[in-house]
Amino acid sequence: MVLESISRIIKVQLPAYLKKLPLPETIGGFARLTVSEWFRLLPLLGILALLGYLTVRPFLPKKKKQRDSLINLKIQKENPKVVNEIDIEDLKSTNVCYCRCWRSKTFPVCDKSHLKHNELTGDNVGPLILKKKIL
(Lines give C-alpha, C1' and ligand atoms only; values in the text may rest on other atoms or scores of the structure.)
Protein backbone atom coordinates (compact mmCIF):
# COMPACT_ATOMS: atom_id res chain seq x y z
CA MET A 1 0.00 0.00 0.00
CA VAL A 2 2.75 2.45 0.95
CA LEU A 3 4.87 1.50 -2.06
CA GLU A 4 1.86 1.93 -4.33
CA SER A 5 1.33 5.45 -2.99
CA ILE A 6 4.98 6.34 -3.51
CA SER A 7 4.91 4.81 -6.99
CA ARG A 8 1.82 6.89 -7.87
CA ILE A 9 3.47 10.07 -6.63
CA ILE A 10 6.63 9.43 -8.67
CA LYS A 11 4.97 8.14 -11.85
CA VAL A 12 1.82 10.29 -12.03
CA GLN A 13 1.73 13.29 -9.72
CA LEU A 14 5.37 14.42 -10.01
CA PRO A 15 5.37 14.53 -13.85
CA ALA A 16 2.02 16.36 -13.80
CA TYR A 17 3.43 18.90 -11.31
CA LEU A 18 6.58 19.41 -13.36
CA LYS A 19 4.58 19.93 -16.59
CA LYS A 20 2.60 22.74 -14.93
CA LEU A 21 5.70 24.60 -13.76
CA PRO A 22 6.48 27.83 -15.60
CA LEU A 23 10.06 26.96 -16.57
CA PRO A 24 11.38 29.46 -19.14
CA GLU A 25 13.42 28.35 -22.14
CA THR A 26 16.23 30.86 -21.52
CA ILE A 27 17.92 32.49 -18.53
CA GLY A 28 16.37 35.81 -19.51
CA GLY A 29 12.95 34.18 -19.26
CA PHE A 30 13.28 34.10 -15.47
CA ALA A 31 13.20 37.90 -15.43
CA ARG A 32 9.80 37.84 -17.16
CA LEU A 33 8.15 35.49 -14.64
CA THR A 34 5.30 36.94 -12.62
CA VAL A 35 5.13 36.81 -8.83
CA SER A 36 2.59 33.97 -8.89
CA GLU A 37 4.84 31.97 -11.24
CA TRP A 38 7.78 32.46 -8.88
CA PHE A 39 5.64 31.19 -5.99
CA ARG A 40 4.81 28.07 -8.00
CA LEU A 41 8.53 27.49 -8.58
CA LEU A 42 9.52 27.91 -4.88
CA PRO A 43 8.93 24.29 -3.75
CA LEU A 44 11.04 22.92 -6.62
CA LEU A 45 13.79 25.48 -6.07
CA GLY A 46 13.80 24.73 -2.33
CA ILE A 47 14.18 21.00 -2.94
CA LEU A 48 16.95 21.59 -5.49
CA ALA A 49 18.77 23.90 -3.05
CA LEU A 50 18.48 21.31 -0.26
CA LEU A 51 19.79 18.53 -2.50
CA GLY A 52 22.67 20.74 -3.63
CA TYR A 53 23.58 21.58 -0.04
CA LEU A 54 23.41 17.93 1.06
CA THR A 55 25.64 16.99 -1.87
CA VAL A 56 28.28 19.65 -1.10
CA ARG A 57 28.14 19.46 2.71
CA PRO A 58 30.56 16.51 3.14
CA PHE A 59 33.23 18.52 1.30
CA LEU A 60 32.83 21.71 3.38
CA PRO A 61 35.49 22.37 6.05
CA LYS A 62 34.48 21.18 9.48
CA LYS A 63 33.99 23.89 12.09
CA LYS A 64 35.94 23.46 15.28
CA LYS A 65 33.84 23.13 18.36
CA GLN A 66 34.46 26.15 20.52
CA ARG A 67 35.15 23.96 23.52
CA ASP A 68 38.15 22.44 21.71
CA SER A 69 39.81 25.71 20.76
CA LEU A 70 42.58 27.53 22.57
CA ILE A 71 41.76 30.68 24.49
CA ASN A 72 45.25 31.91 25.33
CA LEU A 73 47.05 32.36 22.03
CA LYS A 74 50.13 34.38 23.03
CA ILE A 75 50.37 35.36 26.71
CA GLN A 76 53.09 33.57 28.69
CA LYS A 77 52.99 30.47 26.52
CA GLU A 78 56.25 29.27 28.13
CA ASN A 79 54.44 28.78 31.48
CA PRO A 80 52.40 25.64 32.16
CA LYS A 81 49.53 27.76 33.51
CA VAL A 82 48.97 31.52 33.41
CA VAL A 83 47.79 32.79 36.79
CA ASN A 84 48.11 36.44 37.79
CA GLU A 85 47.85 37.67 41.38
CA ILE A 86 47.09 41.29 42.18
CA ASP A 87 47.17 42.80 45.67
CA ILE A 88 44.32 45.22 46.37
CA GLU A 89 43.92 47.10 49.63
CA ASP A 90 40.15 47.68 49.50
CA LEU A 91 39.08 44.11 48.73
CA LYS A 92 36.35 42.87 51.12
CA SER A 93 37.25 39.15 51.05
CA THR A 94 40.78 37.76 51.29
CA ASN A 95 40.90 36.14 47.83
CA VAL A 96 38.70 36.41 44.73
CA CYS A 97 39.36 34.31 41.62
CA TYR A 98 37.98 35.51 38.29
CA CYS A 99 37.51 33.23 35.32
CA ARG A 100 39.53 33.83 32.16
CA CYS A 101 38.63 30.66 30.27
CA TRP A 102 34.94 31.55 29.74
CA ARG A 103 33.93 28.01 30.77
CA SER A 104 32.95 28.70 34.40
CA LYS A 105 29.39 27.86 35.40
CA THR A 106 29.64 30.62 38.02
CA PHE A 107 31.09 33.21 35.62
CA PRO A 108 32.72 35.68 36.26
CA VAL A 109 33.93 33.80 39.35
CA CYS A 110 36.30 30.90 38.62
CA ASP A 111 35.02 27.40 39.36
CA LYS A 112 38.23 25.71 38.06
CA SER A 113 36.64 24.76 34.71
CA HIS A 114 39.96 25.80 33.15
CA LEU A 115 41.54 22.58 34.47
CA LYS A 116 39.37 20.41 32.21
CA HIS A 117 39.72 22.89 29.33
CA ASN A 118 43.53 22.88 29.63
CA GLU A 119 43.59 19.08 29.74
CA LEU A 120 41.41 18.78 26.60
CA THR A 121 43.12 21.46 24.52
CA GLY A 122 46.67 21.76 25.85
CA ASP A 123 45.99 25.41 26.66
CA ASN A 124 47.52 27.06 29.74
CA VAL A 125 44.81 29.49 30.81
CA GLY A 126 44.19 30.06 34.53
CA PRO A 127 42.27 32.44 36.79
CA LEU A 128 42.93 36.01 37.76
CA ILE A 129 43.39 36.04 41.52
CA LEU A 130 42.78 39.24 43.48
CA LYS A 131 44.23 39.20 46.98
CA LYS A 132 43.48 41.60 49.78
CA LYS A 133 46.61 43.55 50.56
CA ILE A 134 47.40 43.26 54.24
CA LEU A 135 48.88 46.48 55.57
# chains A, B, ... in the order shown; residues from 1 in each chain; ligands from 1

call {"tool": "select_by_dssp", "arguments": {"residues": "chain A", "states": "strand (DSSP E)", "output": "JSON, numbers by chain"}}
result
{"A": [82, 83, 84, 85, 86, 87, 88, 95, 96, 97, 98, 125, 126, 127, 128, 129, 130, 131, 132]}

call {"tool": "write_last_selection", "arguments": {"atoms": "N, CA and C atoms", "output": "short mmCIF file (atom, residue, chain, number, x, y, z; two decimals), in the first residue's frame"}}
result
data_model
loop_
_atom_site.label_atom_id
_atom_site.label_comp_id
_atom_site.auth_asym_id
_atom_site.auth_seq_id
_atom_site.Cartn_x
_atom_site.Cartn_y
_atom_site.Cartn_z
N VAL A 82 48.89 30.07 33.19
CA VAL A 82 48.97 31.52 33.41
C VAL A 82 48.00 31.88 34.54
N VAL A 83 48.57 32.33 35.66
CA VAL A 83 47.79 32.79 36.79
C VAL A 83 48.42 34.11 37.24
N ASN A 84 47.61 35.15 37.32
CA ASN A 84 48.11 36.44 37.79
C ASN A 84 47.49 36.75 39.14
N GLU A 85 48.33 37.25 40.07
CA GLU A 85 47.85 37.67 41.38
C GLU A 85 48.06 39.16 41.51
N ILE A 86 47.03 39.84 42.00
CA ILE A 86 47.09 41.29 42.18
C ILE A 86 46.68 41.60 43.61
N ASP A 87 47.51 42.37 44.31
CA ASP A 87 47.17 42.80 45.67
C ASP A 87 46.34 44.07 45.62
N ILE A 88 45.20 44.05 46.32
CA ILE A 88 44.32 45.22 46.37
C ILE A 88 43.99 45.51 47.82
N ASN A 95 40.54 36.52 49.20
CA ASN A 95 40.90 36.14 47.83
C ASN A 95 39.65 36.07 46.95
N VAL A 96 39.77 36.54 45.73
CA VAL A 96 38.70 36.41 44.73
C VAL A 96 39.35 35.93 43.44
N CYS A 97 38.82 34.85 42.87
CA CYS A 97 39.36 34.31 41.62
C CYS A 97 38.37 34.56 40.49
N TYR A 98 38.83 35.22 39.45
CA TYR A 98 37.98 35.51 38.29
C TYR A 98 38.37 34.62 37.12
N VAL A 125 45.54 28.40 30.21
CA VAL A 125 44.81 29.49 30.81
C VAL A 125 44.48 29.17 32.28
N GLY A 126 44.51 30.21 33.11
CA GLY A 126 44.19 30.06 34.53
C GLY A 126 43.44 31.29 35.00
N PRO A 127 43.08 31.33 36.29
CA PRO A 127 42.27 32.44 36.79
C PRO A 127 43.08 33.69 37.08
N LEU A 128 42.35 34.78 37.25
CA LEU A 128 42.93 36.01 37.76
C LEU A 128 42.59 36.04 39.24
N ILE A 129 43.61 36.08 40.09
CA ILE A 129 43.39 36.04 41.52
C ILE A 129 43.64 37.42 42.11
N LEU A 130 42.64 37.96 42.78
CA LEU A 130 42.78 39.24 43.48
C LEU A 130 42.92 38.94 44.96
N LYS A 131 43.99 39.43 45.56
CA LYS A 131 44.23 39.20 46.98
C LYS A 131 44.12 40.51 47.73
N LYS A 132 43.58 40.42 48.93
CA LYS A 132 43.48 41.60 49.78
C LYS A 132 44.87 41.89 50.32
#

call {"tool": "atom_distance", "arguments": {"atom1": "atom CA of Val109 of chain A", "atom2": "atom CA of Glu78 of chain A"}}
result
25.4 Å

call {"tool": "select_by_dssp", "arguments": {"residues": "segment 2-133 of chain A", "states": "helix (DSSP H, G or I)", "output": "number ranges by chain"}}
result
A: 2-20, 27-32, 35-59, 66-68, 113-121
